[in-house]
file work-v1.txt (compact mmCIF, C-alpha atoms and all ligand atoms)
# COMPACT_ATOMS: atom_id res chain seq x y z
CA MET Z 1 -52.62 169.10 22.39
CA THR Z 2 -53.91 167.58 19.18
CA ALA Z 3 -55.88 170.58 17.91
CA LEU Z 4 -54.49 173.01 15.35
CA LYS Z 5 -55.31 176.67 15.05
CA ALA Z 6 -56.22 178.36 11.79
CA ARG Z 7 -56.95 182.01 11.16
CA VAL Z 8 -59.80 182.85 8.79
CA VAL Z 9 -58.29 185.21 6.21
CA GLU Z 10 -61.38 185.54 4.00
CA VAL Z 11 -65.04 184.56 3.95
CA VAL Z 12 -66.37 183.97 0.42
CA ARG Z 13 -70.13 183.96 -0.15
CA GLU Z 14 -70.43 181.22 -2.77
CA THR Z 15 -74.25 181.18 -2.92
CA ALA Z 16 -77.02 182.57 -0.73
CA ASP Z 17 -76.50 179.80 1.84
CA ALA Z 18 -72.93 178.57 1.31
CA HIS Z 19 -69.85 180.27 2.70
CA SER Z 20 -66.23 179.34 2.09
CA LEU Z 21 -63.60 180.04 4.72
CA VAL Z 22 -60.07 180.62 3.45
CA LEU Z 23 -57.72 179.56 6.25
CA GLU Z 24 -54.17 180.30 7.26
CA PRO Z 25 -52.71 177.79 9.72
CA VAL Z 26 -50.99 179.64 12.55
CA GLU Z 27 -47.21 179.60 12.70
CA GLY Z 28 -45.99 176.21 13.86
CA ASP Z 29 -49.11 174.35 12.67
CA ARG Z 30 -48.45 174.62 8.91
CA GLU Z 31 -46.79 171.24 8.44
CA ARG Z 32 -49.48 169.43 10.36
CA PHE Z 33 -52.02 171.01 8.04
CA ALA Z 34 -50.82 169.04 5.00
CA TYR Z 35 -53.78 167.37 3.29
CA ARG Z 36 -54.71 165.18 0.34
CA PRO Z 37 -57.39 166.03 -2.25
CA GLY Z 38 -60.86 165.16 -0.91
CA GLN Z 39 -60.01 165.26 2.81
CA PHE Z 40 -61.95 167.16 5.47
CA LEU Z 41 -61.40 169.27 8.57
CA THR Z 42 -63.06 168.82 11.94
CA VAL Z 43 -63.92 172.25 13.35
CA ARG Z 44 -64.68 173.03 17.00
CA VAL Z 45 -67.93 174.98 17.31
CA PRO Z 46 -69.64 176.40 20.40
CA ALA Z 47 -72.63 174.47 21.68
CA GLU Z 48 -74.99 174.97 24.57
CA GLY Z 49 -72.95 174.58 27.72
CA GLY Z 50 -69.73 173.66 25.93
CA TRP Z 51 -68.33 172.63 22.59
CA ALA Z 52 -69.17 170.38 19.69
CA ALA Z 53 -67.33 169.37 16.53
CA ARG Z 54 -68.39 169.33 12.90
CA CYS Z 55 -66.65 168.06 9.75
CA TYR Z 56 -66.31 170.18 6.60
CA SER Z 57 -64.60 169.12 3.40
CA LEU Z 58 -61.71 171.06 1.94
CA CYS Z 59 -62.63 172.37 -1.51
CA SER Z 60 -59.13 173.70 -2.18
CA SER Z 61 -56.42 171.67 -3.87
CA PRO Z 62 -53.09 171.12 -2.13
CA LEU Z 63 -51.53 171.39 -5.60
CA THR Z 64 -53.03 174.68 -6.76
CA ASP Z 65 -54.21 176.68 -3.75
CA ASP Z 66 -51.83 178.47 -1.40
CA ARG Z 67 -54.31 178.27 1.43
CA PRO Z 68 -56.73 175.59 2.56
CA LYS Z 69 -60.40 176.43 2.08
CA VAL Z 70 -63.54 174.75 3.45
CA THR Z 71 -67.07 175.35 2.20
CA VAL Z 72 -69.97 175.30 4.63
CA LYS Z 73 -73.60 175.16 3.52
CA ARG Z 74 -76.38 175.97 5.94
CA VAL Z 75 -78.37 172.99 7.12
CA ALA Z 76 -81.83 173.70 8.57
CA GLY Z 77 -81.32 173.72 12.34
CA GLY Z 78 -77.64 172.81 11.89
CA LEU Z 79 -75.53 173.82 14.86
CA GLY Z 80 -72.17 174.21 13.14
CA SER Z 81 -73.18 175.42 9.69
CA ASN Z 82 -75.41 178.21 11.00
CA TRP Z 83 -72.85 179.30 13.58
CA ILE Z 84 -70.17 179.50 10.90
CA CYS Z 85 -72.35 181.29 8.32
CA ASP Z 86 -73.72 183.77 10.90
CA ASN Z 87 -70.67 184.46 13.04
CA VAL Z 88 -67.33 183.62 11.53
CA THR Z 89 -65.54 186.59 9.94
CA ALA Z 90 -62.05 187.33 8.67
CA GLY Z 91 -59.56 187.45 11.53
CA ASP Z 92 -61.27 184.80 13.67
CA VAL Z 93 -59.17 181.86 14.79
CA LEU Z 94 -60.73 178.39 14.63
CA GLU Z 95 -59.63 175.23 16.39
CA VAL Z 96 -59.48 172.29 14.00
CA LEU Z 97 -58.15 168.74 13.91
CA ARG Z 98 -55.61 167.52 11.35
CA PRO Z 99 -57.09 167.15 7.86
CA ALA Z 100 -58.31 163.57 7.50
CA GLY Z 101 -60.42 161.11 5.56
CA THR Z 102 -60.10 158.42 2.91
CA PHE Z 103 -62.20 160.05 0.18
CA THR Z 104 -59.08 160.64 -1.85
CA PRO Z 105 -57.95 158.95 -5.07
CA PRO Z 106 -54.73 156.92 -4.78
CA SER Z 107 -53.49 158.28 -8.10
CA LEU Z 108 -54.04 161.47 -10.08
CA GLU Z 109 -53.28 159.58 -13.28
CA GLU Z 110 -56.41 157.42 -13.32
CA ASP Z 111 -59.51 158.64 -15.19
CA LEU Z 112 -62.30 159.41 -12.73
CA LEU Z 113 -66.04 159.78 -12.52
CA LEU Z 114 -67.07 162.35 -9.91
CA VAL Z 115 -70.69 162.70 -8.81
CA ALA Z 116 -71.82 165.50 -6.50
CA GLY Z 117 -75.16 166.64 -5.15
CA GLY Z 118 -75.41 170.20 -3.74
CA SER Z 119 -72.67 170.94 -1.21
CA GLY Z 120 -71.25 167.46 -1.90
CA ILE Z 121 -69.26 169.28 -4.58
CA THR Z 122 -66.80 170.43 -1.89
CA PRO Z 123 -64.43 167.42 -1.66
CA VAL Z 124 -65.13 166.59 -5.29
CA MET Z 125 -63.85 170.03 -6.31
CA SER Z 126 -60.61 169.39 -4.46
CA ILE Z 127 -60.14 166.08 -6.28
CA LEU Z 128 -61.09 167.57 -9.64
CA LYS Z 129 -58.67 170.50 -9.42
CA SER Z 130 -55.87 168.27 -8.17
CA CYS Z 131 -56.31 165.77 -11.01
CA LEU Z 132 -56.27 168.49 -13.64
CA ALA Z 133 -53.22 170.20 -12.14
CA GLY Z 134 -51.17 167.23 -11.00
CA GLY Z 135 -51.95 164.43 -13.42
CA SER Z 136 -53.02 163.67 -16.96
CA ALA Z 137 -56.27 161.86 -16.17
CA LYS Z 138 -59.65 162.64 -17.67
CA VAL Z 139 -62.39 163.68 -15.29
CA ALA Z 140 -66.16 163.55 -15.76
CA LEU Z 141 -68.33 165.39 -13.23
CA LEU Z 142 -72.06 164.89 -12.82
CA TYR Z 143 -73.32 167.69 -10.56
CA ALA Z 144 -76.92 167.74 -9.28
CA ASN Z 145 -78.55 170.85 -7.84
CA ARG Z 146 -81.97 172.28 -7.14
CA ASP Z 147 -81.61 175.12 -9.63
CA GLU Z 148 -78.98 177.24 -11.33
CA ARG Z 149 -78.60 179.64 -8.42
CA SER Z 150 -77.68 176.86 -6.02
CA VAL Z 151 -74.71 175.69 -8.12
CA ILE Z 152 -71.59 176.24 -5.99
CA PHE Z 153 -68.35 176.98 -7.90
CA ALA Z 154 -70.24 177.57 -11.18
CA ASP Z 155 -67.70 180.12 -12.49
CA GLU Z 156 -64.68 178.09 -11.43
CA LEU Z 157 -66.07 174.99 -13.13
CA ARG Z 158 -66.75 176.94 -16.32
CA GLU Z 159 -63.18 178.25 -16.36
CA LEU Z 160 -61.71 174.81 -15.74
CA THR Z 161 -63.81 173.32 -18.55
CA GLU Z 162 -62.57 176.01 -20.93
CA ARG Z 163 -58.97 175.44 -19.87
CA HIS Z 164 -59.15 171.63 -20.12
CA PRO Z 165 -61.71 170.88 -22.84
CA ASP Z 166 -60.19 167.47 -23.63
CA ARG Z 167 -59.88 166.33 -20.03
CA LEU Z 168 -62.85 167.73 -18.11
CA THR Z 169 -66.52 167.07 -18.84
CA VAL Z 170 -69.10 168.70 -16.55
CA VAL Z 171 -72.74 167.62 -16.79
CA HIS Z 172 -75.29 169.55 -14.70
CA LEU Z 173 -78.48 167.91 -13.48
CA LEU Z 174 -80.96 170.55 -12.30
CA GLU Z 175 -84.11 169.62 -10.43
CA SER Z 176 -85.77 172.77 -11.78
CA VAL Z 177 -85.18 171.55 -15.34
CA GLN Z 178 -85.02 167.72 -15.32
CA GLY Z 179 -86.88 167.03 -12.04
CA LEU Z 180 -85.53 165.03 -9.11
CA PRO Z 181 -82.57 162.76 -10.00
CA THR Z 182 -83.64 159.28 -11.04
CA ALA Z 183 -81.76 156.06 -11.73
CA ALA Z 184 -82.55 156.52 -15.42
CA ALA Z 185 -80.97 160.00 -15.42
CA VAL Z 186 -77.86 158.74 -13.60
CA LEU Z 187 -77.62 155.82 -16.03
CA SER Z 188 -77.81 157.99 -19.08
CA LEU Z 189 -75.52 160.80 -17.82
CA ALA Z 190 -72.93 158.93 -15.75
CA GLY Z 191 -73.29 155.45 -17.27
CA PRO Z 192 -70.80 156.12 -20.11
CA TYR Z 193 -68.07 156.73 -17.49
CA ALA Z 194 -68.94 153.78 -15.19
CA GLY Z 195 -65.70 151.99 -16.09
CA ARG Z 196 -63.85 154.57 -14.00
CA PRO Z 197 -63.57 154.66 -10.19
CA ALA Z 198 -66.47 156.82 -8.97
CA TYR Z 199 -66.29 159.34 -6.11
CA VAL Z 200 -69.75 160.31 -4.87
CA CYS Z 201 -70.74 162.94 -2.30
CA GLY Z 202 -74.07 164.60 -1.56
CA PRO Z 203 -77.30 164.11 0.36
CA GLU Z 204 -77.80 160.57 1.68
CA ILE Z 205 -80.73 159.73 -0.59
CA PHE Z 206 -78.86 161.00 -3.65
CA MET Z 207 -75.73 159.01 -2.79
CA ASP Z 208 -77.75 155.85 -2.27
CA LEU Z 209 -79.37 156.26 -5.69
CA VAL Z 210 -76.08 156.95 -7.45
CA SER Z 211 -74.14 154.24 -5.59
CA GLU Z 212 -76.75 151.59 -6.35
CA THR Z 213 -76.99 152.58 -9.99
CA LEU Z 214 -73.25 152.71 -10.58
CA THR Z 215 -72.51 149.58 -8.58
CA GLY Z 216 -75.08 147.81 -10.77
CA LEU Z 217 -72.91 148.78 -13.74
CA GLY Z 218 -69.85 147.29 -12.05
CA ALA Z 219 -68.28 150.61 -10.98
CA ARG Z 220 -66.11 150.83 -7.85
CA VAL Z 221 -67.92 153.52 -5.85
CA HIS Z 222 -66.30 155.59 -3.09
CA ALA Z 223 -68.88 157.53 -1.10
CA GLU Z 224 -68.26 160.34 1.40
CA ARG Z 225 -70.94 160.42 4.08
CA PHE Z 226 -71.17 163.08 6.74
CA PHE Z 227 -72.91 162.92 10.07
CA SER Z 228 -73.06 164.89 13.30
CA LEU Z 229 -70.45 163.93 15.88
CA GLU Z 230 -71.92 162.88 19.21
CA GLY Z 231 -69.06 163.76 21.54
CA ASP Z 232 -66.30 166.35 21.54
CA PRO Z 233 -63.27 164.71 19.91
CA PHE Z 234 -61.13 167.67 20.96
CA GLU Z 235 -61.28 166.18 24.46
CA GLY Z 236 -59.60 162.82 24.03
CA PRO Z 237 -58.72 159.94 26.31
CA GLU Z 238 -55.06 160.73 25.70
CA ASP Z 239 -55.66 163.52 28.18
CA ALA Z 240 -56.15 160.84 30.84
CA PRO Z 241 -53.11 158.55 30.47
CA GLU Z 242 -53.51 157.08 33.92
CA GLN Z 243 -56.44 155.02 32.63
CA ALA Z 244 -54.19 153.28 30.12
CA GLU Z 245 -51.49 152.90 32.77
CA ALA Z 246 -53.96 150.99 34.90
CA GLU Z 247 -54.96 148.59 32.14
CA ASP Z 248 -53.66 145.07 32.22
CA GLY Z 249 -52.20 142.98 29.46
CA ASP Z 250 -48.85 142.34 27.89
CA ALA Z 251 -47.05 145.07 26.08
CA GLY Z 252 -46.99 144.85 22.32
CA GLU Z 253 -45.53 147.31 19.89
CA ILE Z 254 -46.62 149.37 16.94
CA GLU Z 255 -44.29 150.47 14.18
CA VAL Z 256 -45.87 153.52 12.59
CA GLU Z 257 -44.97 155.34 9.39
CA MET Z 258 -46.21 158.90 9.19
CA ASP Z 259 -45.08 161.94 7.23
CA GLY Z 260 -42.07 159.99 5.95
CA GLU Z 261 -40.84 159.02 9.42
CA THR Z 262 -40.97 155.67 11.21
CA ARG Z 263 -41.14 155.15 14.94
CA THR Z 264 -42.05 152.36 17.32
CA VAL Z 265 -44.38 152.84 20.28
CA PRO Z 266 -45.74 150.47 22.95
CA TRP Z 267 -49.25 149.04 22.84
CA ARG Z 268 -50.83 147.89 26.07
CA GLY Z 269 -53.24 145.00 26.28
CA SER Z 270 -56.75 146.05 25.34
CA GLU Z 271 -56.01 149.68 24.52
CA ARG Z 272 -57.32 151.00 21.22
CA LEU Z 273 -54.70 151.75 18.60
CA LEU Z 274 -55.47 155.47 18.32
CA ASP Z 275 -55.20 155.95 22.07
CA ALA Z 276 -51.84 154.17 22.12
CA LEU Z 277 -50.53 156.38 19.32
CA LEU Z 278 -51.77 159.66 20.81
CA ARG Z 279 -50.47 158.77 24.25
CA ALA Z 280 -47.04 158.11 22.74
CA GLY Z 281 -47.13 161.55 21.11
CA VAL Z 282 -47.82 160.37 17.54
CA ASP Z 283 -49.80 163.06 15.70
CA ALA Z 284 -52.35 160.57 14.39
CA PRO Z 285 -55.44 161.97 12.64
CA PHE Z 286 -58.94 161.32 13.99
CA SER Z 287 -62.34 162.93 14.21
CA CYS Z 288 -65.38 160.98 15.43
CA ARG Z 289 -63.70 158.24 17.49
CA GLU Z 290 -66.85 156.22 16.82
CA GLY Z 291 -65.84 154.20 13.76
CA SER Z 292 -67.97 156.23 11.40
CA CYS Z 293 -65.84 158.86 9.64
CA SER Z 294 -62.59 157.17 8.50
CA ALA Z 295 -60.48 160.12 9.64
CA CYS Z 296 -58.28 157.71 11.60
CA ALA Z 297 -57.89 155.17 8.78
CA CYS Z 298 -54.43 153.76 8.19
CA VAL Z 299 -53.06 150.70 6.44
CA ALA Z 300 -51.94 147.64 8.39
CA LEU Z 301 -48.77 146.37 6.70
CA GLU Z 302 -48.03 143.62 9.24
CA GLY Z 303 -49.95 142.14 12.15
CA GLU Z 304 -53.63 141.82 12.87
CA VAL Z 305 -56.32 143.76 14.74
CA THR Z 306 -60.02 143.51 15.44
CA LEU Z 307 -62.34 146.49 14.98
CA ASP Z 308 -64.90 147.21 17.71
CA ALA Z 309 -67.08 149.13 15.26
CA ASN Z 310 -66.95 150.04 11.59
CA THR Z 311 -69.66 151.75 9.63
CA VAL Z 312 -67.40 153.35 7.06
CA LEU Z 313 -64.88 150.93 5.52
CA ASP Z 314 -66.29 148.53 2.93
CA GLU Z 315 -65.08 145.02 2.17
CA GLN Z 316 -62.70 146.22 -0.50
CA ASP Z 317 -61.16 148.77 1.90
CA LEU Z 318 -60.63 146.04 4.49
CA ALA Z 319 -59.17 143.73 1.86
CA ASP Z 320 -56.77 146.56 0.96
CA GLY Z 321 -55.53 146.52 4.57
CA LEU Z 322 -57.31 149.68 5.78
CA ILE Z 323 -58.15 149.73 9.48
CA LEU Z 324 -59.72 152.28 11.82
CA ALA Z 325 -57.21 153.24 14.49
CA CYS Z 326 -59.95 154.51 16.81
CA GLN Z 327 -61.56 151.05 16.86
CA ALA Z 328 -58.61 148.68 16.49
CA ARG Z 329 -57.51 146.38 19.29
CA PRO Z 330 -54.50 144.09 19.06
CA VAL Z 331 -54.67 140.47 17.96
CA THR Z 332 -50.93 140.09 17.34
CA ASP Z 333 -48.15 141.47 19.56
CA ARG Z 334 -46.67 143.48 16.76
CA LEU Z 335 -48.36 145.75 14.28
CA LYS Z 336 -46.87 147.79 11.47
CA ILE Z 337 -49.04 150.57 10.05
CA THR Z 338 -48.67 153.45 7.64
CA TYR Z 339 -50.49 156.74 7.23
CA ASP Z 340 -48.43 157.57 4.14
CA GLY Z 341 -50.04 155.14 1.69
S1 LIG Z 401 -62.00 158.76 14.12
FE1 LIG Z 401 -63.78 158.49 12.92
S2 LIG Z 401 -63.65 156.40 12.30
FE2 LIG Z 401 -62.00 156.67 13.65

call {"tool": "encode", "arguments": {"input": "work-v1.txt", "output": "structure tokens", "more": "lines below"}}
Ligand code: FES
result
Amino acid sequence: MTALKARVVEVVRETADAHSLVLEPVEGDRERFAYRPGQFLTVRVPAEGGWAARCYSLCSSPLTDDRPKVTVKRVAGGLGSNWICDNVTAGDVLEVLRPAGTFTPPSLEEDLLLVAGGSGITPVMSILKSCLAGGSAKVALLYANRDERSVIFADELRELTERHPDRLTVVHLLESVQGLPTAAAVLSLAGPYAGRPAYVCGPEIFMDLVSETLTGLGARVHAERFFSLEGDPFEGPEDAPEQAEAEDGDAGEIEVEMDGETRTVPWRGSERLLDALLRAGVDAPFSCREGSCSACACVALEGEVTLDANTVLDEQDLADGLILACQARPVTDRLKITYDG
């Protein structure tokens, strides 16, 4: 079984429509709950006639917070967010997938520009706290909201700014004061930091505006985009191994590094990489299985694959060797990958 269980130990009302869930992985699942700053959790939520899955970013830092915490903001008509905000209370146990995602800086020592719109602050907060606690980098945050009351983590940000006046700069952009964000506003507020890698998360239209503006200034922009999952990734093809057994093709092999361990597993003909790993008992992360979330991303160190679909890795990611395990099919007989990079 790939799912983990986590008990909700506290529900924090951050704003009128945003709740944070403080989680405690159940005994036996703690190690598999390890996460990097900026990653997300896939949560199983009830849906009409069955189950669905939704992704929520961790706002906690693995360096400073004892327990993982996700923040969920209501979306009009949103299946998962409304169910969580209306029903989940302390003591409930949620089913989740391993923390995953590539919206995470490779180093905590590099100065960063963080840009968040509304609940997009969630993964950005995790990165920000981790950088301040675990590195010496300077961090600039541009944070856009409708008005002052919709600012999530306002007190925590104020405290962090007071504690790290030389390293943290927070600039608020409020629609109620400055109007809707414009390219000119982004240029003037974030432009001075455009030499730094930029991590951007928020509503689609806001991310497009910021990404275009910063890319125009030559910044390397990492964007975290969320979407609704179509299927139920908690029910995976690894539950039906006989299908893979029946497939043709020569056996290849995959050497996989994960959590500091290396093992080699077989790879059959046209099977997708993630399915081969899960079938062999490798605890590989995933979420959408559709090539659109990057939860399954790993780095190919040797060998070659083709990707059936990819709407999430950009050219630079691919040039860095990142591949999507849920979409990768073998080109070479042997592949060496790592999840530890
Ligand atoms: S699991 Fe989402 S891209 Fe592979």

call {"tool": "residues_around", "arguments": {"input": "work-v1.txt", "residues": "Z:Ala194", "least_positions_apart": "2", "cutoff": "9 Å", "atoms": "only C-alpha atoms", "output": "PDB file with C-alpha atoms, in the coordinates of the input"}}
result
ATOM      1  CA  LEU Z 113     -66.040 159.780 -12.520  1.00  0.00           C
ATOM      2  CA  LEU Z 187     -77.620 155.820 -16.030  1.00  0.00           C
ATOM      3  CA  ALA Z 190     -72.930 158.930 -15.750  1.00  0.00           C
ATOM      4  CA  GLY Z 191     -73.290 155.450 -17.270  1.00  0.00           C
ATOM      5  CA  PRO Z 192     -70.800 156.120 -20.110  1.00  0.00           C
ATOM      6  CA  ARG Z 196     -63.850 154.570 -14.000  1.00  0.00           C
ATOM      7  CA  PRO Z 197     -63.570 154.660 -10.190  1.00  0.00           C
ATOM      8  CA  ALA Z 198     -66.470 156.820  -8.970  1.00  0.00           C
ATOM      9  CA  LEU Z 214     -73.250 152.710 -10.580  1.00  0.00           C
ATOM     10  CA  THR Z 215     -72.510 149.580  -8.580  1.00  0.00           C
ATOM     11  CA  LEU Z 217     -72.910 148.780 -13.740  1.00  0.00           C
ATOM     12  CA  GLY Z 218     -69.850 147.290 -12.050  1.00  0.00           C
ATOM     13  CA  ALA Z 219     -68.280 150.610 -10.980  1.00  0.00           C
ATOM     14  CA  ARG Z 220     -66.110 150.830  -7.850  1.00  0.00           C
TER      15      ARG Z 220
END

call {"tool": "residues_near_ligand", "arguments": {"input": "work-v1.txt", "ligand": "ligand LIG 401 (chain Z)", "cutoff": "8 Å", "atoms": "all atoms listed in the file", "output": "MDAnalysis selection string"}}
result
chainID Z and resid 285:297 310 312 324:327

call {"tool": "closest_residue", "arguments": {"input": "work-v1.txt", "among": "Z:Phe234, Z:Tyr339, Z:Trp83, Z:Phe226", "to": "Z:Val45", "atoms": "only C-alpha atoms"}}
result
Z:Trp83

call {"tool": "residues_around", "arguments": {"input": "work-v1.txt", "residues": "Z:Leu277", "least_positions_apart": "5", "cutoff": "9 Å", "atoms": "only C-alpha atoms", "output": "list in words"}}
result
Glu238, Ile254, Val256, Val265, Pro266, Trp267, Arg272, Val282, Asp283, Ala284 and Ala325 of chain Z

call {"tool": "closest_residue", "arguments": {"input": "work-v1.txt", "among": "Z:His222, Z:Arg329, Z:Lys138, Z:Lys129", "to": "Z:Arg36", "atoms": "all atoms listed in the file"}}
result
Z:Lys129

call {"tool": "closest_residue", "arguments": {"input": "work-v1.txt", "among": "Z:Thr264, Z:Thr161, Z:Ser150, Z:Thr102", "to": "Z:Asp314", "atoms": "all atoms listed in the file"}}
result
Z:Thr102

call {"tool": "residues_around", "arguments": {"input": "work-v1.txt", "residues": "Z:Val305", "least_positions_apart": "6", "cutoff": "6 Å", "atoms": "all atoms listed in the file", "output": "number ranges by chain"}}
result
Z: 328-331

call {"tool": "axis_aligned_box", "arguments": {"input": "work-v1.txt", "around": "stretch 309-317 of chain Z", "padding_each_side": "5 Å", "output": "lines of an AutoDock Vina configuration file"}}
result
center_x = -65.4
center_y = 149.2
center_z = 7.4
size_x = 18.5
size_y = 18.3
size_z = 25.8

call {"tool": "atom_distance", "arguments": {"input": "work-v1.txt", "atom1": "atom CA of Z:Gln39", "atom2": "atom CA of Z:Val96"}}
result
13.2 Å

call {"tool": "closest_residue", "arguments": {"input": "work-v1.txt", "among": "Z:Ala18, Z:Val75, Z:Leu278, Z:Ala309", "to": "Z:Pro203", "atoms": "only C-alpha atoms"}}
result
Z:Val75

call {"tool": "atom_distance", "arguments": {"input": "work-v1.txt", "atom1": "atom CA of Z:Thr311", "atom2": "atom CA of Z:Ser20"}}
result
28.8 Å

call {"tool": "closest_residue", "arguments": {"input": "work-v1.txt", "among": "Z:Ala140, Z:Leu41, Z:Cys298, Z:Leu173", "to": "Z:Thr122", "atoms": "all atoms listed in the file"}}
result
Z:Leu41

call {"tool": "residues_around", "arguments": {"input": "work-v1.txt", "residues": "Z:Val12", "least_positions_apart": "4", "cutoff": "10 Å", "atoms": "only C-alpha atoms", "output": "PDB file with C-alpha atoms, keeping the file's coordinate frame"}}
result
ATOM      1  CA  ALA Z  18     -72.930 178.570   1.310  1.00  0.00           C
ATOM      2  CA  HIS Z  19     -69.850 180.270   2.700  1.00  0.00           C
ATOM      3  CA  SER Z  20     -66.230 179.340   2.090  1.00  0.00           C
ATOM      4  CA  LEU Z  21     -63.600 180.040   4.720  1.00  0.00           C
ATOM      5  CA  VAL Z  22     -60.070 180.620   3.450  1.00  0.00           C
ATOM      6  CA  LYS Z  69     -60.400 176.430   2.080  1.00  0.00           C
ATOM      7  CA  THR Z  71     -67.070 175.350   2.200  1.00  0.00           C
ATOM      8  CA  THR Z  89     -65.540 186.590   9.940  1.00  0.00           C
ATOM      9  CA  ALA Z  90     -62.050 187.330   8.670  1.00  0.00           C
TER      10      ALA Z  90
END

call {"tool": "closest_residue", "arguments": {"input": "work-v1.txt", "among": "Z:Leu322, Z:Thr182, Z:Lys336, Z:Glu159", "to": "Z:Glu302", "atoms": "all atoms listed in the file"}}
result
Z:Lys336

call {"tool": "atom_distance", "arguments": {"input": "work-v1.txt", "atom1": "atom CA of Z:Arg167", "atom2": "atom CA of Z:Ala185"}}
result
22.5 Å

call {"tool": "residues_around", "arguments": {"input": "work-v1.txt", "residues": "Z:Met207", "least_positions_apart": "5", "cutoff": "9 Å", "atoms": "all atoms listed in the file", "output": "list in words"}}
result
Val115, Ala116, Gly117, Val200, Cys201, Gly202, Glu212, Ala223, Glu224 and Arg225 of chain Z

call {"tool": "decode", "arguments": {"input": "work-v1.txt", "residues": "stretch 199-216 of chain Z", "atoms": "N, CA and C atoms", "output": "mmCIF file, in the first residue's frame"}}
result
data_model
loop_
_atom_site.group_PDB
_atom_site.id
_atom_site.type_symbol
_atom_site.label_atom_id
_atom_site.label_comp_id
_atom_site.auth_asym_id
_atom_site.auth_seq_id
_atom_site.Cartn_x
_atom_site.Cartn_y
_atom_site.Cartn_z
ATOM 1 N N TYR Z 199 10.872 31.871 -7.119
ATOM 2 C CA TYR Z 199 9.890 30.812 -6.866
ATOM 3 C C TYR Z 199 8.534 31.478 -6.752
ATOM 4 N N VAL Z 200 7.617 31.105 -7.657
ATOM 5 C CA VAL Z 200 6.350 31.821 -7.797
ATOM 6 C C VAL Z 200 5.188 30.857 -7.612
ATOM 7 N N CYS Z 201 4.224 31.225 -6.761
ATOM 8 C CA CYS Z 201 3.036 30.388 -6.596
ATOM 9 C C CYS Z 201 1.826 31.272 -6.304
ATOM 10 N N GLY Z 202 0.718 30.967 -6.961
ATOM 11 C CA GLY Z 202 -0.496 31.754 -6.743
ATOM 12 C C GLY Z 202 -1.496 31.440 -7.835
ATOM 13 N N PRO Z 203 -2.534 32.265 -7.958
ATOM 14 C CA PRO Z 203 -3.515 32.026 -9.027
ATOM 15 C C PRO Z 203 -2.842 32.067 -10.398
ATOM 16 N N GLU Z 204 -3.374 31.268 -11.313
ATOM 17 C CA GLU Z 204 -2.805 31.108 -12.657
ATOM 18 C C GLU Z 204 -2.469 32.462 -13.324
ATOM 19 N N ILE Z 205 -3.436 33.347 -13.314
ATOM 20 C CA ILE Z 205 -3.274 34.614 -14.029
ATOM 21 C C ILE Z 205 -2.162 35.464 -13.398
ATOM 22 N N PHE Z 206 -2.055 35.369 -12.083
ATOM 23 C CA PHE Z 206 -1.012 36.094 -11.352
ATOM 24 C C PHE Z 206 0.358 35.494 -11.674
ATOM 25 N N MET Z 207 0.428 34.158 -11.692
ATOM 26 C CA MET Z 207 1.719 33.514 -11.982
ATOM 27 C C MET Z 207 2.174 33.808 -13.402
ATOM 28 N N ASP Z 208 1.227 33.830 -14.336
ATOM 29 C CA ASP Z 208 1.598 34.146 -15.717
ATOM 30 C C ASP Z 208 2.196 35.548 -15.808
ATOM 31 N N LEU Z 209 1.537 36.489 -15.137
ATOM 32 C CA LEU Z 209 2.013 37.883 -15.160
ATOM 33 C C LEU Z 209 3.417 37.976 -14.570
ATOM 34 N N VAL Z 210 3.601 37.373 -13.406
ATOM 35 C CA VAL Z 210 4.892 37.457 -12.716
ATOM 36 C C VAL Z 210 5.971 36.722 -13.513
ATOM 37 N N SER Z 211 5.626 35.518 -14.001
ATOM 38 C CA SER Z 211 6.629 34.728 -14.737
ATOM 39 C C SER Z 211 7.089 35.468 -15.981
ATOM 40 N N GLU Z 212 6.131 36.013 -16.728
ATOM 41 C CA GLU Z 212 6.494 36.749 -17.948
ATOM 42 C C GLU Z 212 7.368 37.947 -17.622
ATOM 43 N N THR Z 213 6.971 38.691 -16.594
ATOM 44 C CA THR Z 213 7.710 39.900 -16.247
ATOM 45 C C THR Z 213 9.128 39.561 -15.793
ATOM 46 N N LEU Z 214 9.250 38.561 -14.935
ATOM 47 C CA LEU Z 214 10.578 38.237 -14.404
ATOM 48 C C LEU Z 214 11.448 37.551 -15.449
ATOM 49 N N THR Z 215 10.830 36.707 -16.271
ATOM 50 C CA THR Z 215 11.609 36.062 -17.334
ATOM 51 C C THR Z 215 12.164 37.117 -18.285
ATOM 52 N N GLY Z 216 11.359 38.163 -18.532
ATOM 53 C CA GLY Z 216 11.802 39.269 -19.381
ATOM 54 C C GLY Z 216 13.027 39.974 -18.809
#
